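As stored in entry_10.cif (mmCIF, C-alpha atoms and all ligand atoms):
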data_structure
loop_
_atom_site.group_PDB
_atom_site.id
_atom_site.type_symbol
_atom_site.label_atom_id
_atom_site.label_comp_id
_atom_site.auth_asym_id
_atom_site.auth_seq_id
_atom_site.Cartn_x
_atom_site.Cartn_y
_atom_site.Cartn_z
ATOM 1 C CA MET A 138 -13.005 -49.515 -96.423
ATOM 2 C CA GLN A 139 -12.027 -47.093 -93.718
ATOM 3 C CA LEU A 140 -13.200 -43.995 -91.912
ATOM 4 C CA VAL A 141 -11.078 -40.887 -92.165
ATOM 5 C CA PRO A 142 -11.485 -37.847 -89.919
ATOM 6 C CA LEU A 143 -13.200 -34.919 -91.610
ATOM 7 C CA GLN A 144 -12.495 -31.357 -90.500
ATOM 8 C CA ILE A 145 -15.558 -29.173 -90.228
ATOM 9 C CA ALA A 146 -15.116 -25.409 -90.065
ATOM 10 C CA ILE A 147 -17.673 -24.318 -87.489
ATOM 11 C CA GLU A 148 -18.703 -20.644 -87.620
ATOM 12 C CA PRO A 149 -20.186 -19.626 -84.271
ATOM 13 C CA ALA A 150 -22.984 -17.430 -85.631
ATOM 14 C CA PRO A 151 -26.120 -16.516 -83.624
ATOM 15 C CA LEU A 152 -28.851 -19.150 -83.816
ATOM 16 C CA PRO A 153 -31.654 -18.310 -86.278
ATOM 17 C CA PRO A 154 -35.008 -17.523 -84.586
ATOM 18 C CA ARG A 155 -36.660 -20.798 -85.751
ATOM 19 C CA VAL A 156 -33.827 -22.781 -84.200
ATOM 20 C CA VAL A 157 -34.228 -20.849 -80.943
ATOM 21 C CA THR A 158 -37.979 -21.515 -80.741
ATOM 22 C CA THR A 159 -37.637 -25.193 -81.721
ATOM 23 C CA LEU A 160 -34.924 -25.765 -79.112
ATOM 24 C CA ALA A 161 -36.964 -23.971 -76.432
ATOM 25 C CA SER A 162 -39.941 -26.279 -76.884
ATOM 26 C CA ALA A 163 -37.656 -29.322 -77.185
ATOM 27 C CA ARG A 164 -36.069 -28.391 -73.845
ATOM 28 C CA ALA A 165 -39.505 -28.033 -72.215
ATOM 29 C CA ARG A 166 -40.460 -31.533 -73.437
ATOM 30 C CA ILE A 167 -37.130 -32.973 -72.313
ATOM 31 C CA ASP A 168 -37.523 -31.395 -68.839
ATOM 32 C CA ARG A 169 -40.981 -32.979 -68.523
ATOM 33 C CA TRP A 170 -39.518 -36.329 -69.620
ATOM 34 C CA PHE A 171 -36.828 -36.235 -66.929
ATOM 35 C CA ALA A 172 -39.378 -35.110 -64.307
ATOM 36 C CA GLN A 173 -41.630 -38.141 -64.873
ATOM 37 C CA PRO A 174 -42.138 -40.218 -61.718
ATOM 38 C CA GLY A 175 -39.922 -43.295 -61.815
ATOM 39 C CA HIS A 176 -37.607 -41.879 -64.481
ATOM 40 C CA GLN A 177 -34.148 -43.421 -64.193
ATOM 41 C CA THR A 178 -31.346 -41.065 -65.131
ATOM 42 C CA GLY A 179 -28.316 -42.360 -67.005
ATOM 43 C CA ILE A 180 -30.169 -44.852 -69.190
ATOM 44 C CA GLY A 181 -32.048 -44.379 -72.429
ATOM 45 C CA PHE A 182 -32.431 -40.838 -73.700
ATOM 46 C CA ILE A 183 -29.817 -38.176 -72.915
ATOM 47 C CA PRO A 184 -29.804 -34.974 -75.017
ATOM 48 C CA SER A 185 -26.744 -33.995 -77.012
ATOM 49 C CA ASP A 186 -25.559 -30.385 -77.287
ATOM 50 C CA TYR A 187 -28.035 -29.076 -79.838
ATOM 51 C CA GLU A 188 -26.350 -25.711 -80.393
ATOM 52 C CA GLN A 189 -23.068 -27.405 -81.244
ATOM 53 C CA VAL A 190 -24.871 -29.905 -83.458
ATOM 54 C CA TRP A 191 -26.656 -27.049 -85.276
ATOM 55 C CA HIS A 192 -23.360 -25.306 -86.035
ATOM 56 C CA ALA A 193 -21.791 -28.578 -87.219
ATOM 57 C CA LEU A 194 -24.760 -29.422 -89.468
ATOM 58 C CA ALA A 195 -24.732 -25.888 -90.885
ATOM 59 C CA ALA A 196 -21.004 -26.221 -91.641
ATOM 60 C CA ILE A 197 -21.534 -29.578 -93.365
ATOM 61 C CA ARG A 198 -24.409 -28.061 -95.350
ATOM 62 C CA ARG A 199 -22.073 -25.256 -96.545
ATOM 63 C CA GLU A 200 -19.048 -27.411 -97.242
ATOM 64 C CA HIS A 201 -20.731 -30.595 -98.511
ATOM 65 C CA PRO A 202 -23.893 -29.453 -100.336
ATOM 66 C CA ASP A 203 -24.310 -32.898 -101.930
ATOM 67 C CA ALA A 204 -24.904 -34.446 -98.490
ATOM 68 C CA ARG A 205 -28.690 -34.091 -98.519
ATOM 69 C CA ARG A 206 -30.131 -37.143 -96.780
ATOM 70 C CA LEU A 207 -29.725 -37.224 -92.999
ATOM 71 C CA LEU A 208 -30.388 -40.070 -90.543
ATOM 72 C CA GLU A 209 -30.332 -39.559 -86.770
ATOM 73 C CA TRP A 210 -29.466 -42.856 -85.049
ATOM 74 C CA GLY A 211 -31.292 -43.072 -81.704
ATOM 75 C CA SER A 212 -33.270 -39.929 -82.424
ATOM 76 C CA GLY A 213 -34.878 -39.372 -79.012
ATOM 77 C CA PHE A 214 -37.050 -36.247 -79.378
ATOM 78 C CA GLY A 215 -36.017 -35.919 -83.021
ATOM 79 C CA VAL A 216 -34.298 -32.601 -82.382
ATOM 80 C CA VAL A 217 -31.293 -33.222 -84.629
ATOM 81 C CA ALA A 218 -33.536 -34.545 -87.413
ATOM 82 C CA GLY A 219 -35.605 -31.352 -86.964
ATOM 83 C CA LEU A 220 -32.494 -29.154 -87.163
ATOM 84 C CA GLY A 221 -31.574 -30.996 -90.352
ATOM 85 C CA ALA A 222 -35.030 -30.251 -91.770
ATOM 86 C CA LEU A 223 -34.524 -26.551 -90.920
ATOM 87 C CA LEU A 224 -31.334 -26.676 -93.007
ATOM 88 C CA GLY A 225 -33.243 -28.168 -95.945
ATOM 89 C CA LEU A 226 -32.012 -31.725 -95.470
ATOM 90 C CA ASP A 227 -34.166 -34.780 -96.200
ATOM 91 C CA ALA A 228 -34.264 -35.762 -92.524
ATOM 92 C CA HIS A 229 -35.015 -39.086 -90.837
ATOM 93 C CA GLY A 230 -34.652 -40.680 -87.420
ATOM 94 C CA ILE A 231 -34.767 -44.154 -85.905
ATOM 95 C CA GLU A 232 -35.596 -44.495 -82.210
ATOM 96 C CA ILE A 233 -36.148 -47.671 -80.170
ATOM 97 C CA ASP A 234 -38.487 -46.089 -77.576
ATOM 98 C CA GLY A 235 -42.036 -45.740 -78.933
ATOM 99 C CA ASP A 236 -42.978 -42.955 -76.471
ATOM 100 C CA LEU A 237 -40.031 -40.893 -77.700
ATOM 101 C CA VAL A 238 -41.087 -41.460 -81.307
ATOM 102 C CA THR A 239 -44.536 -40.061 -80.417
ATOM 103 C CA SER A 240 -43.010 -37.034 -78.658
ATOM 104 C CA ALA A 241 -40.600 -36.432 -81.527
ATOM 105 C CA ASN A 242 -43.408 -36.458 -84.078
ATOM 106 C CA GLU A 243 -45.434 -34.031 -81.906
ATOM 107 C CA LEU A 244 -42.467 -31.656 -81.593
ATOM 108 C CA LEU A 245 -41.769 -31.754 -85.329
ATOM 109 C CA ALA A 246 -45.438 -31.170 -86.190
ATOM 110 C CA GLU A 247 -45.649 -28.263 -83.703
ATOM 111 C CA HIS A 248 -42.809 -26.526 -85.570
ATOM 112 C CA ASP A 249 -43.883 -27.590 -89.056
ATOM 113 C CA LEU A 250 -40.656 -29.513 -89.597
ATOM 114 C CA ARG A 251 -40.643 -32.317 -92.158
ATOM 115 C CA ALA A 252 -38.696 -35.276 -90.848
ATOM 116 C CA THR A 253 -39.614 -38.958 -90.780
ATOM 117 C CA ILE A 254 -39.116 -40.680 -87.427
ATOM 118 C CA VAL A 255 -39.759 -44.420 -87.070
ATOM 119 C CA GLN A 256 -39.669 -46.845 -84.162
ATOM 120 C CA GLY A 257 -37.121 -49.656 -84.201
ATOM 121 C CA SER A 258 -33.394 -50.221 -84.079
ATOM 122 C CA PHE A 259 -30.778 -48.423 -86.144
ATOM 123 C CA VAL A 260 -28.428 -51.400 -85.678
ATOM 124 C CA PRO A 261 -28.831 -53.458 -88.865
ATOM 125 C CA MET A 262 -29.985 -57.008 -88.159
ATOM 126 C CA ASP A 263 -27.065 -58.525 -90.039
ATOM 127 C CA PHE A 264 -24.737 -56.621 -87.719
ATOM 128 C CA VAL A 265 -26.416 -58.165 -84.680
ATOM 129 C CA ASP A 266 -26.250 -61.558 -86.346
ATOM 130 C CA ALA A 267 -22.488 -61.168 -86.465
ATOM 131 C CA GLY A 268 -22.462 -62.189 -82.806
ATOM 132 C CA LEU A 269 -21.860 -58.778 -81.322
ATOM 133 C CA ASP A 270 -25.049 -58.640 -79.266
ATOM 134 C CA ASP A 271 -23.331 -59.494 -76.011
ATOM 135 C CA LEU A 272 -21.171 -56.368 -76.020
ATOM 136 C CA GLU A 273 -21.499 -54.178 -72.976
ATOM 137 C CA THR A 274 -23.459 -51.312 -74.389
ATOM 138 C CA ARG A 275 -26.330 -48.953 -73.592
ATOM 139 C CA THR A 276 -27.422 -49.170 -77.182
ATOM 140 C CA VAL A 277 -30.219 -51.724 -77.504
ATOM 141 C CA LEU A 278 -28.982 -54.674 -79.557
ATOM 142 C CA GLY A 279 -30.845 -57.667 -80.945
ATOM 143 C CA GLN A 280 -34.060 -55.810 -81.886
ATOM 144 C CA PRO A 281 -35.481 -55.643 -85.427
ATOM 145 C CA ASP A 282 -34.007 -52.791 -87.387
ATOM 146 C CA ALA A 283 -36.272 -50.068 -88.814
ATOM 147 C CA TYR A 284 -34.715 -49.447 -92.238
ATOM 148 C CA ASP A 285 -37.661 -51.142 -94.005
ATOM 149 C CA LYS A 286 -40.051 -48.746 -92.229
ATOM 150 C CA LEU A 287 -38.064 -45.853 -93.691
ATOM 151 C CA GLY A 288 -38.045 -47.555 -97.085
ATOM 152 C CA ARG A 289 -34.299 -46.961 -97.151
ATOM 153 C CA ASP A 290 -31.077 -48.770 -96.317
ATOM 154 C CA LEU A 291 -28.225 -47.362 -94.293
ATOM 155 C CA ASP A 292 -26.249 -46.847 -97.491
ATOM 156 C CA ASP A 293 -28.968 -44.526 -98.845
ATOM 157 C CA PHE A 294 -27.913 -41.816 -96.341
ATOM 158 C CA ASP A 295 -25.244 -39.192 -96.985
ATOM 159 C CA LEU A 296 -25.022 -38.106 -93.361
ATOM 160 C CA VAL A 297 -25.642 -39.948 -90.073
ATOM 161 C CA PHE A 298 -25.727 -38.233 -86.687
ATOM 162 C CA ALA A 299 -25.344 -40.158 -83.409
ATOM 163 C CA TYR A 300 -24.592 -39.578 -79.739
ATOM 164 C CA PRO A 301 -22.714 -42.694 -78.582
ATOM 165 C CA TRP A 302 -21.575 -43.354 -75.059
ATOM 166 C CA PRO A 303 -17.773 -43.209 -74.761
ATOM 167 C CA THR A 304 -17.538 -47.025 -74.822
ATOM 168 C CA GLU A 305 -19.712 -47.150 -77.933
ATOM 169 C CA GLU A 306 -17.774 -44.879 -80.284
ATOM 170 C CA GLU A 307 -16.036 -47.818 -81.945
ATOM 171 C CA LEU A 308 -19.244 -49.866 -82.162
ATOM 172 C CA TYR A 309 -20.981 -46.998 -83.985
ATOM 173 C CA ARG A 310 -18.029 -46.474 -86.297
ATOM 174 C CA GLU A 311 -17.990 -50.197 -87.137
ATOM 175 C CA ILE A 312 -21.725 -50.203 -87.969
ATOM 176 C CA PHE A 313 -21.122 -47.190 -90.228
ATOM 177 C CA ARG A 314 -17.940 -48.644 -91.755
ATOM 178 C CA ARG A 315 -19.793 -51.815 -92.732
ATOM 179 C CA GLY A 316 -23.162 -50.400 -93.797
ATOM 180 C CA ALA A 317 -22.806 -46.808 -95.018
ATOM 181 C CA ASP A 318 -22.140 -45.728 -98.584
ATOM 182 C CA TYR A 319 -18.680 -44.598 -99.685
ATOM 183 C CA GLY A 320 -18.417 -40.857 -99.193
ATOM 184 C CA ALA A 321 -21.040 -40.783 -96.441
ATOM 185 C CA ILE A 322 -20.309 -38.764 -93.294
ATOM 186 C CA LEU A 323 -20.717 -39.931 -89.678
ATOM 187 C CA LEU A 324 -21.176 -36.957 -87.318
ATOM 188 C CA THR A 325 -21.022 -37.727 -83.604
ATOM 189 C CA TRP A 326 -21.301 -35.711 -80.425
ATOM 190 C CA SER A 327 -20.275 -36.967 -77.003
ATOM 191 C CA CYS A 328 -19.309 -35.354 -73.701
ATOM 192 C CA GLN A 329 -15.719 -36.571 -73.968
ATOM 193 C CA GLU A 330 -15.105 -36.190 -77.695
ATOM 194 C CA GLY A 331 -17.348 -33.224 -78.534
ATOM 195 C CA MET A 332 -18.240 -32.977 -82.221
ATOM 196 C CA ARG A 333 -16.405 -35.297 -84.572
ATOM 197 C CA ALA A 334 -16.924 -36.145 -88.218
ATOM 198 C CA HIS A 335 -15.620 -39.081 -90.253
ATOM 199 C CA ARG A 336 -16.061 -39.963 -93.889
ATOM 200 C CA LYS A 337 -16.159 -43.488 -95.287
ATOM 201 C CA VAL A 338 -13.621 -43.990 -98.063
ATOM 202 C CA ALA A 339 -12.295 -46.953 -100.018
ATOM 203 C CA GLY A 340 -9.024 -48.530 -98.987
ATOM 204 C CA ALA A 341 -7.652 -50.788 -96.292
ATOM 205 C CA GLU A 342 -7.951 -49.764 -92.657
ATOM 206 C CA ARG A 343 -4.633 -48.549 -91.274
ATOM 207 C CA PRO A 344 -3.458 -50.287 -88.110
ATOM 208 C CA ARG A 345 -4.188 -48.151 -85.019
HETATM 209 C C1 LIG A 401 -27.832 -40.611 -75.927
HETATM 210 S S1 LIG A 401 -29.528 -40.565 -76.533
HETATM 211 C C2 LIG A 401 -29.362 -39.388 -77.868
HETATM 212 C C3 LIG A 401 -30.678 -38.837 -78.341
HETATM 213 C C4 LIG A 401 -30.623 -37.831 -79.498
HETATM 214 N N1 LIG A 401 -29.931 -38.349 -80.659
HETATM 215 C C5 LIG A 401 -29.999 -36.530 -79.098
HETATM 216 O O1 LIG A 401 -28.949 -36.209 -79.657
HETATM 217 O O2 LIG A 401 -30.540 -35.843 -78.248
HETATM 218 C C6 LIG A 401 -29.557 -42.159 -77.371
HETATM 219 C C7 LIG A 401 -30.928 -42.574 -77.890
HETATM 220 O O3 LIG A 401 -30.793 -43.813 -78.592
HETATM 221 C C8 LIG A 401 -31.917 -44.631 -78.338
HETATM 222 N N2 LIG A 401 -31.506 -46.003 -78.667
HETATM 223 C C9 LIG A 401 -30.753 -46.870 -77.941
HETATM 224 N N3 LIG A 401 -30.538 -47.995 -78.648
HETATM 225 C C10 LIG A 401 -31.166 -47.837 -79.842
HETATM 226 C C11 LIG A 401 -31.276 -48.648 -81.009
HETATM 227 N N4 LIG A 401 -30.699 -49.834 -81.097
HETATM 228 N N5 LIG A 401 -31.965 -48.164 -82.051
HETATM 229 C C12 LIG A 401 -32.579 -46.950 -81.990
HETATM 230 N N6 LIG A 401 -32.498 -46.134 -80.909
HETATM 231 C C13 LIG A 401 -31.780 -46.567 -79.855
HETATM 232 C C14 LIG A 401 -32.245 -44.331 -76.881
HETATM 233 O O4 LIG A 401 -33.587 -44.678 -76.567
HETATM 234 C C15 LIG A 401 -31.978 -42.820 -76.820
HETATM 235 O O5 LIG A 401 -33.134 -42.075 -77.122
#

Can I see the file as structure tokens?
Amino acid sequence: MQLVPLQIAIEPAPLPPRVVTTLASARARIDRWFAQPGHQTGIGFIPSDYEQVWHALAAIRREHPDARRLLEWGSGFGVVAGLGALLGLDAHGIEIDGDLVTSANELLAEHDLRATIVQGSFVPMDFVDAGLDDLETRTVLGQPDAYDKLGRDLDDFDLVFAYPWPTEEELYREIFRRGADYGAILLTWSCQEGMRAHRKVAGAERPR
């Protein structure tokens, strides 16, 4: 199996009012989170670019209407899962930090957004068992995965969103390559790469 780049035709339309209000209260929560005494910047939660993610999700919704079940890996405040819910997706998130799971569920409830967020790791246990837990990564490795709590496996999702650190892009792609269903889409945002989408397809990986 391999991942092939997927072009997404982003249309920069104005944000719908519900997106604007949801993002405003998400930003207020995020500001309070960063202002907490003792907060260490650069580790744990960092927000992605939610406007760009909204436009990318909306484009995927238009162009790939069969992609209905979304999982946000490392969901933080659950904003991307919430944006997915606004687009009518069956939205889920997995987040390692229990306080963030609580905040995410509060934010989603405040805006009447249906998304399921659970605490645990998005890294499947069998992936950790493959001996990759000593990689240098900001992603927490070696913790129990949360797929049972969702009642779903990674290959039940049509669309996964993640914000990897630059050194983690390949790690995330490898987790997806091994565990996602054929045809599923991995959407990532990062400062360096911006928005990128890949689809898992059958066939041998080409040498890079
Ligand atoms: C860069 S932040 C992105 C947050 C959110 N997706 C967004 O776009 O705003 C990465 C998040 O992943 C979480 N995280 C790190 N390792 C994790 C793991 N193994 N499983 C689940 N969440 C994890 C962190 O606590 C953090 O909230």

* Mind pulling up the distance from atom CA of A:Arg155 to atom CA of A:Ala334? ->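 The value is 25.1 Å.
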
* To do: Excluding stretch 251-267 of chain A and any residue of its chain fewer than 4 positions from it, enumerate the residues within 10 Å of it, using only C-alpha atoms, and give them as a VMD selection string.
  => chain A and resid 207 to 223 225 to 239 241 to 242 245 to 246 271 276 to 287 290 to 291 308 to 309 311 to 313 315 to 316

* Distance atom C14 of ligand LIG 401 (chain A)-atom CA of A:Ala299, one decimal place? -> 10.4 Å

* If the PyMOL selection byres (((chain A and resi 179-195) around 7) and not hetatm) is run on the structure shown, which residues does it catch, given as a list in words? -> Ile145, Ile147, Glu148, Pro149, Gln177, Thr178, Ala196, Ile197, Arg198, Arg199, Gly213, Leu220, Leu224, Tyr300 and Trp326 of chain A

* Between atom C12 of ligand LIG 401 (chain A) and atom CA of A:Val141, what is the distance, to one decimal in Å? ->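 Separation between atom C12 of ligand LIG 401 (chain A) and atom CA of A:Val141: 24.5 Å.
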
* Return the single residue from A:Arg164, A:Lys337, A:Arg205, A:Arg275 that is closest to ligand LIG 401 (chain A), with distances computed using only C-alpha atoms and all ligand atoms. =>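 Closest residue, counting only C-alpha atoms and all ligand atoms: A:Arg275.
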
* Asked: Pick the closest to ligand LIG 401 (chain A) from A:Ile167, A:Ala146, A:Pro202, A:Tyr319: which is it, counting all atoms listed in the file?
  -> A:Ile167

Take every atom of ligand LIG 401 (chain A) listed in the file, pad by 4 Å on each side, and give me the axis-aligned box centre and edge lengths in Å, one decimal, as AutoDock Vina command-line options.
--center_x -30.7 --center_y -42.8 --center_z -79.0 --size_x 13.8 --size_y 22.0 --size_z 14.1

* Structure fact -> Using only C-alpha atoms and all ligand atoms, the shortest atom-to-atom distance to ligand LIG 401 (chain A) among A:Asp292, A:Ala339, A:Ile322, A:Pro301 belongs to A:Pro301

* Asked: Nearest to ligand LIG 401 (chain A): which of A:Asp318, A:Ala172, A:Trp302, A:Glu200 is it, counting all atoms listed in the file?
  -> A:Trp302
